[in-house]
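Here the structure is laid out as structure tokens; the discussion comes afterwards.
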Amino acid sequence: MCQRCAIDVVSNRSPASPSRRTALGKLGAISLLGLPGPIRTAYAKPPPKPDNALSPDDAIERLMVGNKRYISGETLDRDFSANRAALVRGQNPYACILSCADSRVSPELCFDEERGDLFVTRVAGNYVTNDLLASLEYGVAVLHASVILVLGHTRCGAVSAAVNSFENQTQFPGHIQTVITALLPAVRSAAATSHTGTLAEAATLENIRQNVARLAEATPILSSAVRDNHLKVIGGIYDLGTGRVDLLS
Ligand SMILES: [Zn+2]
């Protein structure tokens, strides 16, 4: 991420409480970016989307209410030109999503949101890599998103391929095996545990849970934000057939 992007983004963050500023200092986000001047200036400016300054619980509620609109087909009318000017100044998404890259899963659509609302990272199999972790840390520490949702989905081809590799020692060409290797711990764990449904279904849920735990425990930024109640990391599964997102307990 270029420094100019960081300046633009930070300069339009939502107003933070004193405790929040202290927490951010602890997180090291300011020293990480080396931008103390712009950040100080930032608190005097309104965020481009004031409604996106939400607590973790309110952010989760907004996601689920949006998903209900998507399921029912009663989505909000969108004027994509309306917020364009405001978003040139910066962004303050209220939620980060770690989604599978599957083309049938579209976070903005399934939560009935628009540009500037969701900070979306995607990889086939929705698992954490160092690059994605860095992006999610940025979404939390700098953009002030208050929830991270690890979003798996039914009939995930990546998980099915990992199950195939587990059961048949299948090797995949090119760099595809990288994805399979990353998903195998969840498949092995699911296979070692009694479960209902297919192994792929159980591994899909286990993969979500493992990556929720990894993010919640990721030091130094995310684990600190969780501890200070600025962040919740949750898991959910998107049903390709119904469009419904169910949160995992
Ligand atoms: Zn998938």
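FYI, nothing fancy with the structure tokens labels: chains A, B, ... in order, residues from 1 per chain, ligands from 1 as they appear.
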Notebook entry, point to check: Using only C-alpha atoms, which residues sit within 12 Å of A:Ile60 once same-chain residues fewer than 5 positions away are excluded, as a list in words?
Noted result: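 Neighbouring residues, sequence-local ones excluded: Asn52, Leu54, Ser55, Val65, Gly66, Asn67, Tyr94, Ala95, Cys96, Ile97, Phe111, Leu118, Ala145, Ser146, Val147, Ile148, Leu149, Leu231, Lys232, Val233, Ile234, Gly235, Gly236, Val245, Asp246 and Leu247 of chain A.
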Please save N, CA and C atoms of the selected residues as a compact mmCIF listing (two decimals), in the first residue's frame.
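Saved file selection16.txt follows:
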```txt
# COMPACT_ATOMS: atom_id res chain seq x y z
N ASN A 52 -21.06 4.16 9.24
CA ASN A 52 -20.22 2.96 9.33
C ASN A 52 -19.41 2.90 10.62
N LEU A 54 -19.40 1.77 13.82
CA LEU A 54 -20.27 0.86 14.57
C LEU A 54 -19.48 0.05 15.59
N SER A 55 -20.18 -0.35 16.65
CA SER A 55 -19.60 -1.31 17.59
C SER A 55 -19.56 -2.68 16.91
N VAL A 65 -28.82 -8.19 8.90
CA VAL A 65 -30.03 -7.53 8.37
C VAL A 65 -29.89 -7.36 6.85
N GLY A 66 -28.70 -7.02 6.40
CA GLY A 66 -28.47 -6.90 4.96
C GLY A 66 -28.64 -8.23 4.25
N ASN A 67 -28.19 -9.31 4.90
CA ASN A 67 -28.34 -10.63 4.30
C ASN A 67 -29.82 -11.02 4.20
N TYR A 94 -17.15 -0.76 7.72
CA TYR A 94 -17.46 -1.19 9.09
C TYR A 94 -17.10 -2.64 9.35
N ALA A 95 -16.88 -3.43 8.29
CA ALA A 95 -16.57 -4.85 8.47
C ALA A 95 -15.53 -5.30 7.47
N CYS A 96 -14.68 -6.23 7.90
CA CYS A 96 -13.75 -6.93 7.01
C CYS A 96 -14.32 -8.32 6.73
N ILE A 97 -14.15 -8.77 5.52
CA ILE A 97 -14.61 -10.10 5.15
C ILE A 97 -13.42 -10.88 4.60
N PHE A 111 -24.64 -9.21 1.44
CA PHE A 111 -24.97 -8.39 2.62
C PHE A 111 -25.65 -7.09 2.21
N LEU A 118 -17.54 -2.57 3.03
CA LEU A 118 -16.88 -3.82 3.39
C LEU A 118 -15.45 -3.83 2.87
N ALA A 145 -12.53 -0.92 11.05
CA ALA A 145 -13.58 -1.94 10.96
C ALA A 145 -13.65 -2.67 12.31
N SER A 146 -14.87 -2.96 12.76
CA SER A 146 -15.01 -3.52 14.11
C SER A 146 -15.37 -5.00 14.10
N VAL A 147 -15.46 -5.60 12.93
CA VAL A 147 -15.72 -7.04 12.87
C VAL A 147 -14.98 -7.63 11.68
N ILE A 148 -14.46 -8.84 11.86
CA ILE A 148 -13.93 -9.63 10.74
C ILE A 148 -14.79 -10.87 10.63
N LEU A 149 -15.32 -11.10 9.45
CA LEU A 149 -16.13 -12.28 9.20
C LEU A 149 -15.38 -13.21 8.25
N LEU A 231 -12.93 -5.21 18.52
CA LEU A 231 -13.05 -6.11 17.37
C LEU A 231 -13.66 -7.44 17.79
N LYS A 232 -14.53 -7.97 16.94
CA LYS A 232 -14.96 -9.36 17.06
C LYS A 232 -14.61 -10.08 15.77
N VAL A 233 -14.10 -11.30 15.91
CA VAL A 233 -13.81 -12.15 14.77
C VAL A 233 -14.81 -13.29 14.79
N ILE A 234 -15.57 -13.41 13.72
CA ILE A 234 -16.65 -14.40 13.69
C ILE A 234 -16.56 -15.21 12.39
N GLY A 235 -17.26 -16.33 12.38
CA GLY A 235 -17.31 -17.17 11.20
C GLY A 235 -18.73 -17.32 10.70
N GLY A 236 -18.86 -17.47 9.40
CA GLY A 236 -20.18 -17.67 8.82
C GLY A 236 -20.08 -18.53 7.58
N VAL A 245 -26.72 -16.54 5.06
CA VAL A 245 -25.47 -16.65 5.82
C VAL A 245 -25.83 -17.03 7.25
N ASP A 246 -25.31 -18.15 7.71
CA ASP A 246 -25.48 -18.56 9.10
C ASP A 246 -24.16 -18.36 9.82
N LEU A 247 -24.22 -17.68 10.96
CA LEU A 247 -23.03 -17.49 11.76
C LEU A 247 -22.76 -18.74 12.57
```
Per-residue nearest contacts of chain A to ligand 1 (6 Å; only C-alpha atoms and all ligand atoms) as a tab-separated table:
```
residue	atom	partner	partner_atom_place_in_ligand_line	distance
A:Cys100	CA	ligand 1	1 (Zn)	4.7
A:Asp102	CA	ligand 1	1 (Zn)	5.0
A:Ala124	CA	ligand 1	1 (Zn)	5.5
A:Gly125	CA	ligand 1	1 (Zn)	5.0
A:Cys156	CA	ligand 1	1 (Zn)	3.7
A:Gly157	CA	ligand 1	1 (Zn)	5.3
A:Ala158	CA	ligand 1	1 (Zn)	5.4
```
Residues from the last selection, C-alpha atoms, saved as a PDB file, in the first residue's frame:
```
ATOM      1  CA  CYS A 100     -13.579 -17.641  -0.686  1.00  0.00           C
ATOM      2  CA  ASP A 102     -15.647 -18.515  -5.584  1.00  0.00           C
ATOM      3  CA  ALA A 124      -9.928 -19.846  -2.689  1.00  0.00           C
ATOM      4  CA  GLY A 125     -10.715 -21.701   0.530  1.00  0.00           C
ATOM      5  CA  CYS A 156     -16.656 -25.159  -1.854  1.00  0.00           C
ATOM      6  CA  GLY A 157     -14.483 -26.550  -4.643  1.00  0.00           C
ATOM      7  CA  ALA A 158     -11.283 -25.802  -2.763  1.00  0.00           C
TER       8      ALA A 158
END
```
Item checked: strand (DSSP E or B) call set, DSSP backbone run, stretch 89-126 of chain A, as a ChimeraX atom specification -> /A:95-99,118-122
Check: For A:Leu136, which residue among A:Leu215, A:Ala53, A:Cys110, A:Val226 is the nearest when counting only C-alpha atoms?
Finding: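 Among the listed residues, A:Leu215 lies closest to A:Leu136.
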Margin query: When you count only C-alpha atoms, which of these residues is closest to A:Asp112: A:Met64, A:Leu143, A:Ala82, A:Ala182?
Written below: A:Met64
Note to self: Taking 5 positions as the minimum chain separation for residues in the same chain, which residues sit within 10 Å of A:Asn126 when counting only C-alpha atoms? Answer as a PyMOL selection string.
What the structure shows: chain A and resi 97-102+121+132+150-153+156+158-159+179+182-183+204+207-208+211
Notebook entry, point to check: Per DSSP on the backbone, what are the alpha helix (DSSP H) residues of stretch 81-189 of chain A, as a PyMOL selection string?
Noted result: chain A and resi 84-88+107-110+130-141+157-168+176-189
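Picture a line from atom CA of A:Val140 to atom CA of A:Leu222; it runs 7.5 Å.
If you look at atom CA of A:Thr196 and atom CA of A:Ala216, they are 26.6 Å away from each other.
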Checklist line | Contacts of stretch 163-178 of chain A within 8 Å, only C-alpha atoms, excl. fewer than 3 positions in-chain, as JSON, numbers by chain | finding: {"A": [159, 160, 181, 182, 184, 187, 188, 199, 200]}
Preceding selection exported with C-alpha atoms as a PDB file, in the first residue's frame:
```pdb
ATOM      1  CA  VAL A 159     -12.405 -27.751   0.288  1.00  0.00           C
ATOM      2  CA  SER A 160     -13.660 -30.607  -1.881  1.00  0.00           C
ATOM      3  CA  THR A 181      -1.951 -27.851   1.623  1.00  0.00           C
ATOM      4  CA  ALA A 182      -3.400 -24.908   3.515  1.00  0.00           C
ATOM      5  CA  LEU A 184      -5.562 -30.088   4.791  1.00  0.00           C
ATOM      6  CA  VAL A 187      -9.796 -31.746   6.631  1.00  0.00           C
ATOM      7  CA  ARG A 188      -7.672 -33.909   8.933  1.00  0.00           C
ATOM      8  CA  LEU A 199     -16.445 -34.861   5.283  1.00  0.00           C
ATOM      9  CA  ALA A 200     -16.389 -31.867   2.929  1.00  0.00           C
TER      10      ALA A 200
END
```
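Closest approach to A:Val105 from the set A:Pro185, A:Pro48, A:Pro93, A:Gly241 is made by A:Gly241, with distances taken over only C-alpha atoms.
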